Amino acid sequence: MKYIFSITLLCFCLAVDAQTYTRTTFGFKTSVNNTNVEIQFFTPRIVRVFKSPSGITAVKKSLSVIQEPQKATLNFQTDAHSITVRSSAILVKLNKLNGQVTFSNLKGVTLLNESTEGVKFTLFKDSLENTFSVTQGFQLEEGEAIYGLGQHQAGIMNQRNQQLTLKQENMQIGIPFMHSSKGYGLFWDNYSATVFDDNTTGTSFSSQVGNCADYYFIYGGTPDQVIAGYRHLTGQAPMFPRWAFGYWQSRERYKAQQEVVGVLKKYRELQVPIDGIVQDWQYWGVDDAQWNSTEFGNPNYPNPKVMIDSVHQLNAHIIISVWPSFGNKTRIWADMNKKGFLYNNFLTWPPTAIVQPYDAFNPKARDLWWSYVNKNIFSLGMDGWWLDSTEPDHSKPKESDDNTPTYLGTFRKVRNAYPLVHTGGVYEHQREVSSDKRVFILARSAFAGQQRNATTVWSGDIRSDWDVFRKQISGGLNLSLSGIPYWNTDIGGFFANGFSHDGVKNIGYQELYVRWAQFGAFCPMMRSHGTETPREIYQFGAKGYWAYDAIEKYINLRYRLLPYNYSNAWSITANGSTMMRALVMDFPEDKKALDINNEYMFGKAFLVCPVTDSMYTSKVSSKTDFDHIKTQQVYLPANHTWFDFWTGDQLQGGQSVTKATPVDVMPLYVKAGSIIPMGPFQQYTGEKDLKNIELRIYPGADGSFTLYEDENDNYNYEKGVYATIEFKWNDKVKTLTVDTRKGTYPGVLKDRVFNVILVNANHGVGAETIKPDKAIVYSGLKKVIQF
């Protein structure tokens with residue numbers, strides 16, 4: 001112990017010149033100030049920096065990074081003070097006197113500096129192991145904006161001048177990935193609780209446990225390329241089934257299988273589109289000792305296979321709540337306990353000693369978990385998974401709880417990666433069982449790399465409140481900038497909060513829900529859920545009532561946009577793209593856009609500005625004020641022309657505009673040059689084919705869009721079984737090029753019609769269809785159409 005302590009102190013002694021360094025296949029190694037430093041190039045644009053105290057053997061197998069370093073052409077230059085390595089994309093310089101690492105572009109412009117103080121290793125006793133806490137500092141440029149770091153609920157976009165504890169909790173998602181407006185990203189590869197701190201003295205990551213400093217610098221140049229580099233390192237997001245992009249209805253909770261099926265029947269009767277329904281907890285029974293048995297022990301579910309089959313016969317899909325903890329009278333608890341796979345002294349949810357979570361870090365424990373859900377649930381025809389409490393929940397936490405042993409060390413050491421390994425076990429096992437049904441997971445937490453596990457994340461058990469609603473926007477956008485592309489919220493908020501006494505009948509709640517549903521229609525997943533009051537559309541009234549009509553309007557719009565959304569999903573899988581896009585992603589040069597926390601792009605066409613304030617109702621009165629139309633300010637990013645989606649009016653960017661916002665209108669603008677494919681009105685995904693697609697062109701700039709189609713719910717696309725059609729608009733000569741279809745798949749439409757609308761004022765607006773300006777009969781071969 002005394003020897004280790006002396007090594008730690010030497011990290012801060014006067015500089016000792018690193019006289020030598022060793023070239024490696026992927027970079028170089030050296031030692032500076034009693035700290036081992038290794039630089040590895042994973043690509044010409046991605047560099048790993050790995051540091052450890054001299055005399056300590058630090059071996060690291062990343063849970064997040066799945067790529068290996070690649071051999072690249074590197075040029076070395078040394079002088080008395082530094083070692084510089086040049087790839088085809090960046091320069092990396094190590095100061096031999098103080099160990100500072102600097103990243104620059106090929107023009108020598110500095111992108112990021114480490115702080116001159118170097119890495120700091122502080123002795124730390126992690127249960128019985130003598131190890132370290134670790135801090136690495138950086139120097140950010142004045143005016144540089146930082147995004148990402150997971151999902152937080154403060155309503156802040158730019159994370160400069162913030163201190164954030166990155167630690168998995170309900171409603172808080174910690175991902176140590178910062179995304180800079182200067183065109184780079186940095187992933188701090190540590191799984192313990194980590195503090196990100198940015199203040200006037202510098203920027204740092206400080207992790208509770210770590211015998212090494214391990215981070216990846218990703219130079220993209222553009223935000224999209226930063227995310228693409230991150231996904232190259234940590235895994236690509238697979239395709240969801242097409243039905244996942246429809247409308248989802250949920251409640252805490254449906255209490256019988258007849259109720260589940262009855263909700264879907266009611267939607268079909270009302271002719272309101274729906275694709276998915278969710279079975280929440282206690283289908284296993286109400287006794288906590290039977291918690292999460294993975295079996296349908298509740299007598300209200302006498303034949304779960306009949307329930308699932310009935311859902312499918314109604315042309316819908318169902319996912320089910322499964323937890324990582326088990327009651328002590330369940331078969332799975334007994335098996336886990338016998339093999340030592342449980343966290344026995346870890347109080348989770350429900351907060352009772354008879355329920356314990358399992359050690360998801362243990363591959364054999366993940367095997368056992370899957371064996372039960374496969375036998376008891378998936379084999380019945382279940383379509384997907386709602387993995388609740390993936391942090392996992394930690395009720396009444398004590399410091400000693402962090403000493404809980406896992407397969408990879410203490411829980412303290414690896415806690416933040418729990419949702420990554422838990423969802424990974426489900427994804428990998430289902431892929432082994434079936435290639436005909438795509439994995440679809442809804443989870444409450446996430447960590448770096450989780451996108452590869454076919455997971456969409458929801459924001460947690462939030463309250464039904466206008467301020468909370470607004471803060472979801474920046475939370476979701478920063479999670480997207482952390483590399484996690486699929487995210488959603490409980491429409492209307494989970495806890496009904498001050499509305500709980502009359503819930504859905506309260507007109508104040510109805511307005512909040514309507515505005516939230518409008519936002520939900522422009523999230524990667526549109527899902528209604530919550531407790532204390534039901535949220536099915538018919539609970540809000542009947543057709544002709546303002547709340548019902550507004551909700552139905554946006555559900556219908558969601559279905560019309562299915563070709564757009566599904567094609568954007570393909571861009572996520574194939575190109576590392578992002579669906580829900582902070583303004584910095586598309587307008588990094590517009591300084592006014594960098595801090596805006598209530599607007600975003602949905603795909604690269606739509607500018608979305610949800611209404612997050614009550615305009616027509618109040619909590620305390622039953623009166624509405626629809627006679628006076630209210631307005632909302634919307635900033636239109638500079639250097640672009642914008643179309644009002646609802647009116648077709650054109651507006652120049654670089655200004656804030658006043659938009660009228662009746663209760664059924666959320667401000668939506670479309671960037672000039674956009675091409676938006678719109679499908680038919682339909683009751684569920686696939687009810688109608690896409691032989692007739694409406695193609696809206698927003699003139700004023702050149703543009704393109706790639707339409708993607710496949711079999712909708714299997715993994716044949718991974719073998720190239722899909723088709724794409726590229727559309728290109730030349731604004732100067734007013735021509736639309738429909739390129740030759742590339743690829744094919746069983747059932748591909750060989751003959752179809754594209755109904756083209758050139759959008760202008762009151763022409764091709766809103767969700768409704770009109771007579772096209774031109775109808776293009778298309779058989780798969782290139783066509784050029786003059787307008």
# chains A, B, ... in the order shown; residues from 1 in each chain; ligands from 1

call {"tool": "residues_around", "arguments": {"residues": "Leu140 (chain A)", "least_positions_apart": "2", "cutoff": "9 Å", "atoms": "only C-alpha atoms", "output": "PyMOL selection string"}}
result
chain A and resi 111-114+138+142-144+198+202-203

call {"tool": "closest_atom_pairs", "arguments": {"of": "region 228-338 of chain A", "to": "region 684-698 of chain A", "cutoff": "6 Å", "atoms": "only C-alpha atoms", "output": "tab-separated table"}}
result
residue	atom	partner	partner_atom	distance
A:Trp243	CA	A:Thr685	CA	5.6
A:Pro273	CA	A:Tyr684	CA	5.6
A:Ile274	CA	A:Tyr684	CA	5.7
A:Asp275	CA	A:Tyr684	CA	5.4

call {"tool": "atom_distance", "arguments": {"atom1": "CA of Arg558 (chain A)", "atom2": "CA of Ile173 (chain A)"}}
result
27.3 Å

call {"tool": "residues_around", "arguments": {"residues": "Asp388 (chain A)", "least_positions_apart": "2", "cutoff": "8 Å", "atoms": "only C-alpha atoms", "output": "ChimeraX atom specification"}}
result
/A:321-324,386,390,442-444

call {"tool": "write_last_selection", "arguments": {"atoms": "N, CA and C atoms", "output": "CSV table (one decimal), in the first residue's frame"}}
result
chain,number,residue,atom,x,y,z
A,321,SER,N,-44.0,-5.9,-19.9
A,321,SER,CA,-43.1,-5.4,-18.9
A,321,SER,C,-42.4,-6.6,-18.3
A,322,VAL,N,-41.1,-6.6,-18.3
A,322,VAL,CA,-40.3,-7.6,-17.6
A,322,VAL,C,-39.2,-6.8,-16.9
A,323,TRP,N,-38.9,-7.2,-15.6
A,323,TRP,CA,-38.0,-6.5,-14.8
A,323,TRP,C,-36.7,-7.3,-14.5
A,324,PRO,N,-35.7,-6.6,-14.0
A,324,PRO,CA,-34.5,-7.4,-13.7
A,324,PRO,C,-34.4,-7.9,-12.2
A,386,TRP,N,-40.7,-4.5,-22.8
A,386,TRP,CA,-40.7,-3.3,-22.0
A,386,TRP,C,-39.8,-3.6,-20.8
A,390,THR,N,-34.3,-0.5,-15.6
A,390,THR,CA,-33.0,-1.0,-16.1
A,390,THR,C,-31.8,-0.3,-15.5
A,442,LEU,N,-38.1,-1.5,-25.2
A,442,LEU,CA,-38.3,-0.2,-24.6
A,442,LEU,C,-37.7,-0.3,-23.2
A,443,ALA,N,-36.7,0.6,-22.9
A,443,ALA,CA,-36.0,0.6,-21.7
A,443,ALA,C,-36.0,2.0,-21.0
A,444,ARG,N,-35.8,2.0,-19.7
A,444,ARG,CA,-35.8,3.2,-18.9
A,444,ARG,C,-34.5,3.9,-18.8

call {"tool": "select_by_dssp", "arguments": {"residues": "region 352-470 of chain A", "states": "strand (DSSP E or B)", "output": "ChimeraX atom specification"}}
result
/A:355-358,384-387,405-406,409-410,441-443,455-458,463

call {"tool": "write_last_selection", "arguments": {"atoms": "N, CA and C atoms", "output": "mmCIF file, in the first residue's frame"}}
result
data_model
loop_
_atom_site.group_PDB
_atom_site.id
_atom_site.type_symbol
_atom_site.label_atom_id
_atom_site.label_comp_id
_atom_site.auth_asym_id
_atom_site.auth_seq_id
_atom_site.Cartn_x
_atom_site.Cartn_y
_atom_site.Cartn_z
ATOM 1 N N VAL A 355 -37.510 -9.067 -2.642
ATOM 2 C CA VAL A 355 -37.307 -8.878 -4.079
ATOM 3 C C VAL A 355 -35.863 -8.436 -4.300
ATOM 4 N N GLN A 356 -35.142 -9.151 -5.167
ATOM 5 C CA GLN A 356 -33.752 -8.793 -5.460
ATOM 6 C C GLN A 356 -33.493 -8.783 -6.963
ATOM 7 N N PRO A 357 -32.617 -7.863 -7.419
ATOM 8 C CA PRO A 357 -32.213 -7.870 -8.835
ATOM 9 C C PRO A 357 -31.142 -8.921 -9.106
ATOM 10 N N TYR A 358 -31.003 -9.244 -10.379
ATOM 11 C CA TYR A 358 -30.000 -10.237 -10.758
ATOM 12 C C TYR A 358 -28.741 -9.548 -11.275
ATOM 13 N N GLY A 384 -42.328 -7.964 -28.286
ATOM 14 C CA GLY A 384 -41.223 -7.139 -27.828
ATOM 15 C C GLY A 384 -41.225 -6.999 -26.328
ATOM 16 N N TRP A 385 -40.306 -6.184 -25.838
ATOM 17 C CA TRP A 385 -40.013 -6.132 -24.414
ATOM 18 C C TRP A 385 -40.048 -4.708 -23.884
ATOM 19 N N TRP A 386 -40.734 -4.550 -22.762
ATOM 20 C CA TRP A 386 -40.657 -3.322 -22.006
ATOM 21 C C TRP A 386 -39.805 -3.633 -20.771
ATOM 22 N N LEU A 387 -38.528 -3.271 -20.831
ATOM 23 C CA LEU A 387 -37.600 -3.575 -19.753
ATOM 24 C C LEU A 387 -37.585 -2.395 -18.778
ATOM 25 N N PRO A 405 -21.131 -7.356 -4.708
ATOM 26 C CA PRO A 405 -20.267 -7.949 -5.741
ATOM 27 C C PRO A 405 -21.043 -8.286 -7.006
ATOM 28 N N THR A 406 -20.430 -8.008 -8.158
ATOM 29 C CA THR A 406 -20.962 -8.434 -9.454
ATOM 30 C C THR A 406 -19.908 -9.302 -10.136
ATOM 31 N N GLY A 409 -16.751 -7.099 -10.670
ATOM 32 C CA GLY A 409 -16.269 -6.259 -9.584
ATOM 33 C C GLY A 409 -17.434 -5.734 -8.780
ATOM 34 N N THR A 410 -17.194 -4.693 -7.999
ATOM 35 C CA THR A 410 -18.293 -4.149 -7.199
ATOM 36 C C THR A 410 -19.315 -3.465 -8.094
ATOM 37 N N ILE A 441 -36.997 -3.330 -27.999
ATOM 38 C CA ILE A 441 -36.893 -3.164 -26.553
ATOM 39 C C ILE A 441 -37.197 -1.712 -26.192
ATOM 40 N N LEU A 442 -38.064 -1.534 -25.207
ATOM 41 C CA LEU A 442 -38.321 -0.227 -24.601
ATOM 42 C C LEU A 442 -37.699 -0.265 -23.214
ATOM 43 N N ALA A 443 -36.742 0.613 -22.933
ATOM 44 C CA ALA A 443 -36.007 0.580 -21.673
ATOM 45 C C ALA A 443 -35.980 1.951 -21.028
ATOM 46 N N THR A 455 -32.736 -0.913 -28.807
ATOM 47 C CA THR A 455 -33.416 -0.319 -27.656
ATOM 48 C C THR A 455 -33.886 1.086 -27.968
ATOM 49 N N THR A 456 -35.130 1.376 -27.634
ATOM 50 C CA THR A 456 -35.600 2.750 -27.547
ATOM 51 C C THR A 456 -35.763 3.076 -26.074
ATOM 52 N N VAL A 457 -35.382 4.273 -25.695
ATOM 53 C CA VAL A 457 -35.350 4.676 -24.294
ATOM 54 C C VAL A 457 -36.510 5.619 -24.022
ATOM 55 N N TRP A 458 -37.133 5.482 -22.843
ATOM 56 C CA TRP A 458 -38.105 6.498 -22.461
ATOM 57 C C TRP A 458 -37.590 7.267 -21.252
ATOM 58 N N ARG A 463 -43.613 13.724 -14.191
ATOM 59 C CA ARG A 463 -44.887 14.258 -13.736
ATOM 60 C C ARG A 463 -45.640 14.947 -14.879
#
